[in-house]
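Q: Pasting in a structure now, in structure tokens, and then I'll have a few things to ask.
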Amino acid sequence: MSLEETLKDELNPEQYRAVTTTDGAILIIAGAGSGKTRVITYRIANMLEKGIPQSQILALTFTNKAAKEMSDRIRKLTARKLQNLTISTFHAFGVRILRQDIDKLGWRTNFSIYDETDRNALIKESARELDFTEDALDLYKIGGLFSDIKTGRKDWQSANDGYRELYEAYQEGLKLYNAVDFDDLIVLPIQLFRESPETLQRYRDRYRYIMVDEFQDTSHQQYEMMRLLADKNVAVVGDDDQSIYSWRGADYQNIINFEKDFPAVQEIRLEQNYRSTGTILAAANGVIKHNTNRKDKELWSGNGDGQPIELFMPENEAAEADFIAESILSISVEEKRTYDDFGVLMRANTQSRPIEEAFLENNIPYVMSGGTSFFERKEIKDIISYLRVIANHDDDINLLRILNTPRRGLGRATVEKLNVVADRMGYSLWEAAKAVLEAPEKESKLTEAVRVNLESFISLIEAGKNMLSGKGLSKKVKAMVDEINYYDYLISDNPKSEKAARFKYMNIESLIKSMELWENNPEHEDTSLYAYLNRITLLSRDDLDDGEEDKGKVNLMTVHASKGLEFPVVFIAGAEEGIMPHARAVEEGGDTAVEEERRLFYVAVTRARDRLLISSCRNRRRQTGTAECEPSRFLDEIPQQLVKYHEPSKELGPQDAHEMLQNMLKNLSRPRVPKL
DNA sequence: CGTCTCCAGGTTTTT
DNA sequence: CCTGGAGACG
């Protein structure tokens, strides 16, 4: 069947129009489950089929996961190699631009990208230099303020002016260390485009067709970046009801801006839901209509009613976790489902622990996506820091991190000495270290031991230049990890538990493993250290390329991470006041925040295809002990006839439940994990 | 001068 | 639980 026939066959009239309208500006309002991903992928496949070169197409997404999913699907659909097609997150696209052209803004192209941890370290460092009083330092708040300032969400006002000097020091630090932060990945390309029209024109000439997914989640800055790039063929896809990133600057008013900036825009609305049962959809509609500030629309479904939504009220989070594990085991048998048919959604990463424990106990394979990123782990950050410093010697923040990790006798006093030189000369620490070592003995004032240690550190980093080009990055990294005796360091650093040390070492091994997979993937042409680092900073753990390993496992994730995904069976864990809506959001943001929390709940509900199970604990452990919980207000907004309540099964303690499960397991013939 | 040990405090969501 | 900081110790 030709693609044309496939399109006619598989798409409804609106979808068909969205797919085949390739020229001009298009706004696609796509409700949950309305086949949005399908429309986007078919649209791109169709463009390729029509002979538009891959290189002219740019698709911008919000998460790496979405980008990956999109290119996987297009690859399947077209059976082509997609070497020149650009499907990327806004941030990754920003990196790409900066890697090419950041020299025009005064950085060097081997710049480092600072994540939250690095940024905090830099703020702390800057504060120290300015003699900021320690108690005035709430890094969380200051980081947020700096981000708001940088992206133009806030101006300096009397209330904030106290931090102005610190902000300027922070900015100077970034430049001195040849580093940029996450906001810069969007802000600097815009600045570049403004200051260098030729550069902008180059990109405009190249990307003739632009598409933006999850448009409701774009920030003003991201919108601006898109607007500058877009010539006339630009399609944006979004759903105001699924806008859940306003805390990060997302503003679905961009939809209105879009209509203003591209007056000839055609609007296409996709309101038929293909995903969920009528019951689930009715619940979702019932909830979302409590929001006042939205485009009025109602999704409809041709699917049957399906089963009622099931609501459980477990005693506490451990019982909740047991309930989820138990249900997965029984449903997978009764309905012959594989583990990857299940999605377990939660509001916050903190909820994952008991659930993971229950999965482990019951031998349920699972993947946890998002969450404390793999790359935030100390041991991983340490190794990556080495790589960053090898790529960019002037990266003080990462240099400070590894200078004495593992211990090599270069402590506070040495750093202080180097800092003095660095400050006086306007050097980075690396330059300062080199200068101090080259200076005559008297000048340097370093003890002989320190001198030797510093020299060997420097030659270690310089030896790393063999990673900059050529092949076998993973091998070289492994050799370096051995060379610095990182495993011994882990053991001495975790004296209580050799197990912990080994676990951390295994994390490093899986990092190296993923590196190996990455460099052996024929689609990745550039496998230099730079290319690797570019990619890594913007990734979270679930983006790690571990091949097919994640297939056939239960999906555990935050609601935020679940956007754009669907599962035949969905659990929503922790549907309690204080969690959903989150107490913090209610405190800080009032009604608007509750509306966003409601959209979040709406997103969670609409992930489900066939079955939706919601649990609301009656008690939950807090830092300070156990607190009683009330069911989430959103539960009351689900029409009651759709819900089947389950009384808490008090008599069945964890012990009994465990026994019951063991019995069940014995009776099962093994292969529940699907063959790949 | 560097390292070790103990203690407090912390997490909403992500690039 | 895990990280980071302060202060004691070698």
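Letters for chains follow the order of the structure tokens (A, B, ...), residue numbers begin at 1 for each chain, and ligand numbers begin at 1 in the order shown.
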Give as a list in words every residue of chain C that touches chain A within 12 Å, counting only C-alpha atoms (C1' of nucleotides).

A: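 Going by the stated atoms only, the list reads DC1, DC2, DT3 and DG4 of chain C.
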
Q: Counting only C-alpha atoms (C1' of nucleotides), which residues of chain B come no farther than 9 Å from chain A, as a compact mmCIF listing (two decimals) with N, CA and C atoms (P, O5', C5', C4', C3', O3' and C1' of nucleotides), in the first residue's frame?

A:
```txt
# COMPACT_ATOMS: atom_id res chain seq x y z
P DC B 1 49.06 26.08 54.77
O5' DC B 1 48.56 24.57 54.64
C5' DC B 1 49.55 23.58 54.43
C4' DC B 1 48.87 22.25 54.50
C3' DC B 1 47.48 22.23 53.86
O3' DC B 1 47.51 21.35 52.76
C1' DC B 1 47.49 21.11 55.97
P DG B 2 46.30 21.18 51.82
O5' DG B 2 45.78 19.75 52.26
C5' DG B 2 46.71 18.66 52.27
C4' DG B 2 46.08 17.46 52.93
C3' DG B 2 44.74 17.04 52.33
O3' DG B 2 44.77 15.63 52.19
C1' DG B 2 44.51 17.40 54.66
P DT B 3 43.54 14.86 51.58
O5' DT B 3 42.95 14.16 52.88
C5' DT B 3 43.85 13.52 53.79
C4' DT B 3 43.05 12.92 54.93
C3' DT B 3 41.76 12.23 54.52
O3' DT B 3 41.68 11.03 55.26
C1' DT B 3 41.29 13.85 56.16
P DT B 11 15.36 20.73 49.07
O5' DT B 11 13.87 20.86 48.56
C5' DT B 11 12.87 20.06 49.15
C4' DT B 11 12.29 19.17 48.08
C3' DT B 11 11.18 18.32 48.69
O3' DT B 11 9.99 18.54 47.93
C1' DT B 11 12.65 16.99 47.39
P DT B 12 9.12 19.59 47.71
O5' DT B 12 8.88 19.15 46.20
C5' DT B 12 8.15 17.97 46.03
C4' DT B 12 7.94 17.67 44.62
C3' DT B 12 9.15 17.83 43.73
O3' DT B 12 9.34 16.56 43.13
C1' DT B 12 7.29 19.10 42.91
P DT B 13 10.30 16.19 42.02
O5' DT B 13 9.47 16.70 40.77
C5' DT B 13 8.70 15.78 40.01
C4' DT B 13 7.97 16.54 38.95
C3' DT B 13 8.89 17.04 37.84
O3' DT B 13 8.86 16.09 36.80
C1' DT B 13 7.28 18.69 38.50
P DT B 14 10.23 15.36 36.46
O5' DT B 14 10.79 16.30 35.32
C5' DT B 14 10.03 16.55 34.16
C4' DT B 14 10.88 17.37 33.21
C3' DT B 14 12.25 16.77 32.94
O3' DT B 14 12.57 16.97 31.58
C1' DT B 14 12.51 18.91 33.90
P DT B 15 13.77 16.17 30.91
O5' DT B 15 14.49 17.33 30.08
C5' DT B 15 13.75 18.04 29.11
C4' DT B 15 14.49 19.31 28.78
C3' DT B 15 15.95 19.10 28.40
O3' DT B 15 16.23 19.78 27.18
C1' DT B 15 15.78 20.72 30.11
```

Q: If you measure from atom CA of A:Gly24 to atom CA of A:Asn233, what distance in Å do you get, rounded to one decimal?

A: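 So the answer is 4.4 Å.
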
Q: Run DSSP on the backbone and grab whatever in stretch 458-487 of chain A lands in alpha helix (DSSP H); send it over as a PDB file with N, CA, C and O atoms, in the first residue's frame.

A:
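The resulting file, part-v9.pdb, is shown below:
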```pdb
ATOM      1  N   ILE A 458      47.484  17.425  36.753  1.00  0.00           N
ATOM      2  CA  ILE A 458      47.476  18.126  35.468  1.00  0.00           C
ATOM      3  C   ILE A 458      47.866  17.202  34.323  1.00  0.00           C
ATOM      4  O   ILE A 458      47.238  17.209  33.262  1.00  0.00           O
ATOM      5  N   SER A 459      48.858  16.362  34.562  1.00  0.00           N
ATOM      6  CA  SER A 459      49.216  15.499  33.432  1.00  0.00           C
ATOM      7  C   SER A 459      48.135  14.436  33.197  1.00  0.00           C
ATOM      8  O   SER A 459      47.926  14.021  32.061  1.00  0.00           O
ATOM      9  N   LEU A 460      47.440  14.060  34.268  1.00  0.00           N
ATOM     10  CA  LEU A 460      46.312  13.142  34.067  1.00  0.00           C
ATOM     11  C   LEU A 460      45.276  13.743  33.121  1.00  0.00           C
ATOM     12  O   LEU A 460      44.825  13.104  32.167  1.00  0.00           O
ATOM     13  N   ILE A 461      44.918  14.996  33.386  1.00  0.00           N
ATOM     14  CA  ILE A 461      43.908  15.659  32.550  1.00  0.00           C
ATOM     15  C   ILE A 461      44.441  15.840  31.128  1.00  0.00           C
ATOM     16  O   ILE A 461      43.732  15.601  30.149  1.00  0.00           O
ATOM     17  N   GLU A 462      45.700  16.220  31.038  1.00  0.00           N
ATOM     18  CA  GLU A 462      46.250  16.437  29.696  1.00  0.00           C
ATOM     19  C   GLU A 462      46.339  15.135  28.913  1.00  0.00           C
ATOM     20  O   GLU A 462      46.132  15.123  27.702  1.00  0.00           O
ATOM     21  N   ALA A 463      46.602  14.064  29.631  1.00  0.00           N
ATOM     22  CA  ALA A 463      46.641  12.772  28.945  1.00  0.00           C
ATOM     23  C   ALA A 463      45.275  12.430  28.370  1.00  0.00           C
ATOM     24  O   ALA A 463      45.158  11.666  27.413  1.00  0.00           O
ATOM     25  N   LEU A 473      36.108   5.647  22.748  1.00  0.00           N
ATOM     26  CA  LEU A 473      35.951   6.513  23.907  1.00  0.00           C
ATOM     27  C   LEU A 473      35.699   5.700  25.179  1.00  0.00           C
ATOM     28  O   LEU A 473      36.322   5.923  26.215  1.00  0.00           O
ATOM     29  N   SER A 474      34.789   4.744  25.077  1.00  0.00           N
ATOM     30  CA  SER A 474      34.420   4.000  26.283  1.00  0.00           C
ATOM     31  C   SER A 474      35.627   3.274  26.877  1.00  0.00           C
ATOM     32  O   SER A 474      35.798   3.252  28.093  1.00  0.00           O
ATOM     33  N   LYS A 475      36.458   2.742  26.014  1.00  0.00           N
ATOM     34  CA  LYS A 475      37.659   2.049  26.502  1.00  0.00           C
ATOM     35  C   LYS A 475      38.586   3.004  27.234  1.00  0.00           C
ATOM     36  O   LYS A 475      39.134   2.700  28.286  1.00  0.00           O
ATOM     37  N   LYS A 476      38.745   4.172  26.642  1.00  0.00           N
ATOM     38  CA  LYS A 476      39.640   5.154  27.244  1.00  0.00           C
ATOM     39  C   LYS A 476      39.105   5.628  28.596  1.00  0.00           C
ATOM     40  O   LYS A 476      39.856   5.826  29.544  1.00  0.00           O
ATOM     41  N   VAL A 477      37.789   5.799  28.637  1.00  0.00           N
ATOM     42  CA  VAL A 477      37.196   6.238  29.902  1.00  0.00           C
ATOM     43  C   VAL A 477      37.386   5.162  30.963  1.00  0.00           C
ATOM     44  O   VAL A 477      37.731   5.446  32.107  1.00  0.00           O
ATOM     45  N   LYS A 478      37.178   3.943  30.553  1.00  0.00           N
ATOM     46  CA  LYS A 478      37.348   2.843  31.507  1.00  0.00           C
ATOM     47  C   LYS A 478      38.786   2.811  32.039  1.00  0.00           C
ATOM     48  O   LYS A 478      39.016   2.660  33.241  1.00  0.00           O
ATOM     49  N   ALA A 479      39.709   3.013  31.122  1.00  0.00           N
ATOM     50  CA  ALA A 479      41.109   3.035  31.539  1.00  0.00           C
ATOM     51  C   ALA A 479      41.364   4.160  32.541  1.00  0.00           C
ATOM     52  O   ALA A 479      42.085   3.987  33.529  1.00  0.00           O
ATOM     53  N   MET A 480      40.725   5.286  32.299  1.00  0.00           N
ATOM     54  CA  MET A 480      40.933   6.404  33.209  1.00  0.00           C
ATOM     55  C   MET A 480      40.348   6.108  34.595  1.00  0.00           C
ATOM     56  O   MET A 480      40.962   6.406  35.620  1.00  0.00           O
ATOM     57  N   VAL A 481      39.161   5.522  34.596  1.00  0.00           N
ATOM     58  CA  VAL A 481      38.540   5.174  35.873  1.00  0.00           C
ATOM     59  C   VAL A 481      39.458   4.243  36.669  1.00  0.00           C
ATOM     60  O   VAL A 481      39.607   4.398  37.883  1.00  0.00           O
ATOM     61  N   ASP A 482      40.078   3.318  35.975  1.00  0.00           N
ATOM     62  CA  ASP A 482      41.031   2.429  36.652  1.00  0.00           C
ATOM     63  C   ASP A 482      42.246   3.203  37.133  1.00  0.00           C
ATOM     64  O   ASP A 482      42.706   3.041  38.255  1.00  0.00           O
ATOM     65  N   GLU A 483      42.724   4.053  36.263  1.00  0.00           N
ATOM     66  CA  GLU A 483      43.926   4.815  36.578  1.00  0.00           C
ATOM     67  C   GLU A 483      43.776   5.649  37.850  1.00  0.00           C
ATOM     68  O   GLU A 483      44.697   5.757  38.656  1.00  0.00           O
ATOM     69  N   TYR A 486      39.263   4.682  41.078  1.00  0.00           N
ATOM     70  CA  TYR A 486      37.985   5.165  41.584  1.00  0.00           C
ATOM     71  C   TYR A 486      37.273   4.115  42.431  1.00  0.00           C
ATOM     72  O   TYR A 486      36.592   4.437  43.395  1.00  0.00           O
ATOM     73  N   TYR A 487      37.471   2.887  42.090  1.00  0.00           N
ATOM     74  CA  TYR A 487      36.806   1.826  42.857  1.00  0.00           C
ATOM     75  C   TYR A 487      37.318   1.793  44.297  1.00  0.00           C
ATOM     76  O   TYR A 487      36.536   1.706  45.246  1.00  0.00           O
TER      77      TYR A 487
END
```

Q: List the neighbours of B:DA8 out to 10 Å using only C-alpha atoms (C1' of nucleotides); skip same-chain residues closer than 2 positions along the sequence, and give me the result as a VMD selection string.

A: (chain B and resid 6 10) or (chain C and resid 4 to 5)

Q: Limited to all heavy atoms, could you put the picked residues into a file as a PDB file, in the first residue's frame?

A:
```
ATOM      1  P    DC B   6      31.772   8.812  63.923  1.00  0.00           P
ATOM      2  OP1  DC B   6      32.221   7.969  65.034  1.00  0.00           O
ATOM      3  OP2  DC B   6      31.256   8.183  62.670  1.00  0.00           O
ATOM      4  O5'  DC B   6      30.680   9.833  64.452  1.00  0.00           O
ATOM      5  C5'  DC B   6      31.069  10.990  65.214  1.00  0.00           C
ATOM      6  C4'  DC B   6      30.234  12.178  64.767  1.00  0.00           C
ATOM      7  O4'  DC B   6      30.592  12.564  63.430  1.00  0.00           O
ATOM      8  C3'  DC B   6      28.720  11.890  64.738  1.00  0.00           C
ATOM      9  O3'  DC B   6      28.060  12.892  65.463  1.00  0.00           O
ATOM     10  C2'  DC B   6      28.369  11.927  63.258  1.00  0.00           C
ATOM     11  C1'  DC B   6      29.406  12.931  62.746  1.00  0.00           C
ATOM     12  N1   DC B   6      29.648  12.863  61.284  1.00  0.00           N
ATOM     13  C2   DC B   6      29.641  14.050  60.535  1.00  0.00           C
ATOM     14  O2   DC B   6      29.417  15.135  61.086  1.00  0.00           O
ATOM     15  N3   DC B   6      29.882  13.984  59.196  1.00  0.00           N
ATOM     16  C4   DC B   6      30.119  12.803  58.613  1.00  0.00           C
ATOM     17  N4   DC B   6      30.363  12.801  57.310  1.00  0.00           N
ATOM     18  C5   DC B   6      30.138  11.580  59.362  1.00  0.00           C
ATOM     19  C6   DC B   6      29.899  11.660  60.678  1.00  0.00           C
ATOM     20  P    DG B  10      16.044  21.767  54.832  1.00  0.00           P
ATOM     21  OP1  DG B  10      16.177  23.160  55.252  1.00  0.00           O
ATOM     22  OP2  DG B  10      14.851  20.981  55.199  1.00  0.00           O
ATOM     23  O5'  DG B  10      16.240  21.712  53.248  1.00  0.00           O
ATOM     24  C5'  DG B  10      17.386  21.069  52.704  1.00  0.00           C
ATOM     25  C4'  DG B  10      16.963  19.829  51.930  1.00  0.00           C
ATOM     26  O4'  DG B  10      17.098  18.655  52.750  1.00  0.00           O
ATOM     27  C3'  DG B  10      15.502  19.835  51.456  1.00  0.00           C
ATOM     28  O3'  DG B  10      15.482  19.568  50.072  1.00  0.00           O
ATOM     29  C2'  DG B  10      14.853  18.712  52.245  1.00  0.00           C
ATOM     30  C1'  DG B  10      16.036  17.781  52.440  1.00  0.00           C
ATOM     31  N9   DG B  10      15.933  16.821  53.522  1.00  0.00           N
ATOM     32  C8   DG B  10      15.370  17.010  54.761  1.00  0.00           C
ATOM     33  N7   DG B  10      15.443  15.949  55.527  1.00  0.00           N
ATOM     34  C5   DG B  10      16.087  15.015  54.749  1.00  0.00           C
ATOM     35  C6   DG B  10      16.452  13.673  55.042  1.00  0.00           C
ATOM     36  O6   DG B  10      16.269  13.044  56.079  1.00  0.00           O
ATOM     37  N1   DG B  10      17.084  13.070  53.968  1.00  0.00           N
ATOM     38  C2   DG B  10      17.354  13.673  52.760  1.00  0.00           C
ATOM     39  N2   DG B  10      17.974  12.937  51.839  1.00  0.00           N
ATOM     40  N3   DG B  10      17.020  14.923  52.472  1.00  0.00           N
ATOM     41  C4   DG B  10      16.396  15.534  53.513  1.00  0.00           C
TER      42       DG B  10
ATOM     43  P    DG C   4      26.738  16.488  47.437  1.00  0.00           P
ATOM     44  OP1  DG C   4      26.465  17.343  46.260  1.00  0.00           O
ATOM     45  OP2  DG C   4      27.906  15.595  47.453  1.00  0.00           O
ATOM     46  O5'  DG C   4      26.802  17.418  48.737  1.00  0.00           O
ATOM     47  C5'  DG C   4      25.796  18.391  48.958  1.00  0.00           C
ATOM     48  C4'  DG C   4      26.098  19.094  50.254  1.00  0.00           C
ATOM     49  O4'  DG C   4      26.016  18.133  51.338  1.00  0.00           O
ATOM     50  C3'  DG C   4      27.514  19.685  50.329  1.00  0.00           C
ATOM     51  O3'  DG C   4      27.442  20.940  50.961  1.00  0.00           O
ATOM     52  C2'  DG C   4      28.272  18.665  51.170  1.00  0.00           C
ATOM     53  C1'  DG C   4      27.188  18.213  52.129  1.00  0.00           C
ATOM     54  N9   DG C   4      27.419  16.910  52.729  1.00  0.00           N
ATOM     55  C8   DG C   4      27.961  15.791  52.145  1.00  0.00           C
ATOM     56  N7   DG C   4      28.022  14.763  52.942  1.00  0.00           N
ATOM     57  C5   DG C   4      27.485  15.231  54.139  1.00  0.00           C
ATOM     58  C6   DG C   4      27.282  14.579  55.372  1.00  0.00           C
ATOM     59  O6   DG C   4      27.548  13.421  55.675  1.00  0.00           O
ATOM     60  N1   DG C   4      26.709  15.412  56.312  1.00  0.00           N
ATOM     61  C2   DG C   4      26.361  16.728  56.094  1.00  0.00           C
ATOM     62  N2   DG C   4      25.817  17.385  57.108  1.00  0.00           N
ATOM     63  N3   DG C   4      26.541  17.353  54.937  1.00  0.00           N
ATOM     64  C4   DG C   4      27.107  16.547  54.016  1.00  0.00           C
ATOM     65  P    DG C   5      28.663  21.929  50.936  1.00  0.00           P
ATOM     66  OP1  DG C   5      28.300  23.026  50.041  1.00  0.00           O
ATOM     67  OP2  DG C   5      29.908  21.160  50.714  1.00  0.00           O
ATOM     68  O5'  DG C   5      28.687  22.476  52.439  1.00  0.00           O
ATOM     69  C5'  DG C   5      27.468  22.603  53.175  1.00  0.00           C
ATOM     70  C4'  DG C   5      27.782  22.511  54.645  1.00  0.00           C
ATOM     71  O4'  DG C   5      27.892  21.122  55.026  1.00  0.00           O
ATOM     72  C3'  DG C   5      29.104  23.188  55.052  1.00  0.00           C
ATOM     73  O3'  DG C   5      28.878  24.004  56.172  1.00  0.00           O
ATOM     74  C2'  DG C   5      30.032  22.014  55.357  1.00  0.00           C
ATOM     75  C1'  DG C   5      29.059  20.938  55.808  1.00  0.00           C
ATOM     76  N9   DG C   5      29.519  19.582  55.575  1.00  0.00           N
ATOM     77  C8   DG C   5      30.038  19.061  54.413  1.00  0.00           C
ATOM     78  N7   DG C   5      30.349  17.799  54.501  1.00  0.00           N
ATOM     79  C5   DG C   5      30.017  17.459  55.818  1.00  0.00           C
ATOM     80  C6   DG C   5      30.128  16.223  56.502  1.00  0.00           C
ATOM     81  O6   DG C   5      30.559  15.146  56.069  1.00  0.00           O
ATOM     82  N1   DG C   5      29.676  16.314  57.820  1.00  0.00           N
ATOM     83  C2   DG C   5      29.172  17.448  58.393  1.00  0.00           C
ATOM     84  N2   DG C   5      28.788  17.345  59.654  1.00  0.00           N
ATOM     85  N3   DG C   5      29.060  18.613  57.768  1.00  0.00           N
ATOM     86  C4   DG C   5      29.497  18.543  56.491  1.00  0.00           C
TER      87       DG C   5
END
```

Q: I'd like the contact shell of A:Ala30 - 8 Å cut-off, only C-alpha atoms (C1' of nucleotides), skipping same-chain residues fewer than 4 positions apart - returned as a PyMOL selection string.

A: chain A and resi 34-36+237-239+269-271

Q: Export N, CA, C and O atoms of the chosen residues as a CSV table (one decimal), in the first residue's frame?

A:
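What follows is the written file selection-v4.csv:
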```csv
chain,number,residue,atom,x,y,z
A,34,SER,N,-5.9,11.9,20.8
A,34,SER,CA,-6.5,12.2,19.5
A,34,SER,C,-5.6,11.8,18.4
A,34,SER,O,-5.9,12.1,17.2
A,35,GLY,N,-4.6,11.1,18.6
A,35,GLY,CA,-3.7,10.6,17.6
A,35,GLY,C,-2.7,11.6,17.2
A,35,GLY,O,-2.2,11.6,16.0
A,36,LYS,N,-2.3,12.4,18.1
A,36,LYS,CA,-1.4,13.5,17.8
A,36,LYS,C,0.0,13.0,17.3
A,36,LYS,O,0.5,13.5,16.3
A,237,VAL,N,1.6,22.0,17.4
A,237,VAL,CA,0.6,21.0,17.9
A,237,VAL,C,0.6,21.1,19.4
A,237,VAL,O,1.6,21.1,20.1
A,238,GLY,N,-0.6,21.3,19.9
A,238,GLY,CA,-0.7,21.4,21.4
A,238,GLY,C,-2.1,21.3,21.9
A,238,GLY,O,-3.1,21.1,21.2
A,239,ASP,N,-2.2,21.3,23.2
A,239,ASP,CA,-3.5,21.1,23.9
A,239,ASP,C,-3.4,21.9,25.2
A,239,ASP,O,-2.6,21.6,26.1
A,269,ARG,N,-8.7,21.1,14.5
A,269,ARG,CA,-9.0,20.6,15.9
A,269,ARG,C,-9.2,19.1,15.8
A,269,ARG,O,-10.0,18.6,15.0
A,270,LEU,N,-8.5,18.3,16.7
A,270,LEU,CA,-8.6,16.9,16.7
A,270,LEU,C,-9.3,16.6,18.1
A,270,LEU,O,-8.7,16.8,19.1
A,271,GLU,N,-10.6,16.2,18.0
A,271,GLU,CA,-11.3,16.0,19.2
A,271,GLU,C,-11.8,14.6,19.4
A,271,GLU,O,-12.4,14.3,20.5
```

Q: Write out as a ChimeraX atom specification all residues of stretch 300-340 of chain A that DSSP puts in strand (DSSP E) for this structure's backbone.

A: /A:300-301,309-312

Q: How far is it from atom CA of A:Asn84 to atom CA of A:Glu523, in Å with one decimal?

A: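 Between these atoms lies a distance of 10.2 Å.
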
Q: Contacts of A:Ile324 at 12 Å or less, counting only C-alpha atoms (C1' of nucleotides), minus same-chain residues fewer than 6 places along, as a ChimeraX atom specification?

A: /A:310-314,317-318,330-332,342-345,352,354-359,362,364,554,556,569-574,612-616,657

Q: Write out as a PyMOL selection string the residues lying within 10 Å of B:DT5, counting only C-alpha atoms (C1' of nucleotides) and excluding same-chain residues fewer than 5 positions away.

A: chain C and resi 7-9

Q: Keeping only N, CA and C atoms (P, O5', C5', C4', C3', O3' and C1' of nucleotides), write the selected residues as a compact mmCIF listing (two decimals), in the first residue's frame.

A:
```
# COMPACT_ATOMS: atom_id res chain seq x y z
P DG C 7 31.96 25.10 62.97
O5' DG C 7 32.75 23.91 63.67
C5' DG C 7 32.03 22.90 64.39
C4' DG C 7 32.95 21.73 64.65
C3' DG C 7 34.33 22.15 65.21
O3' DG C 7 34.68 21.25 66.24
C1' DG C 7 34.62 20.80 63.33
P DA C 8 35.92 21.57 67.20
O5' DA C 8 36.51 20.11 67.44
C5' DA C 8 35.64 18.98 67.59
C4' DA C 8 36.39 17.72 67.24
C3' DA C 8 37.79 17.63 67.86
O3' DA C 8 38.03 16.29 68.27
C1' DA C 8 37.96 17.55 65.51
P DC C 9 39.35 15.91 69.04
O5' DC C 9 40.20 15.25 67.87
C5' DC C 9 39.69 14.11 67.19
C4' DC C 9 40.65 13.72 66.09
C3' DC C 9 42.11 13.57 66.56
O3' DC C 9 42.63 12.39 66.00
C1' DC C 9 42.00 15.00 64.70
```

Q: Record the distance separating atom CA of A:Arg633 and atom CA of A:Asp241, expressed in Å with one decimal.

A: 18.0 Å

Q: Need the shell around A:Arg227: protein/DNA/RNA residues with any atom at most 12 Å away, counting only C-alpha atoms (C1' of nucleotides). Skip same-chain ones fewer than 6 positions apart. Format as a list in words?

A: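 Contacts, with the query itself left out: Ala25, Ile190, Phe193, Leu200, Arg204, Ile210, Met211, Val212, Thr218, His220, Gln221, Asn233, Val234, Ala235, Val236, Asn254, Asn257, Phe258, Glu259, Lys260, Asp261 and Phe262 of chain A.
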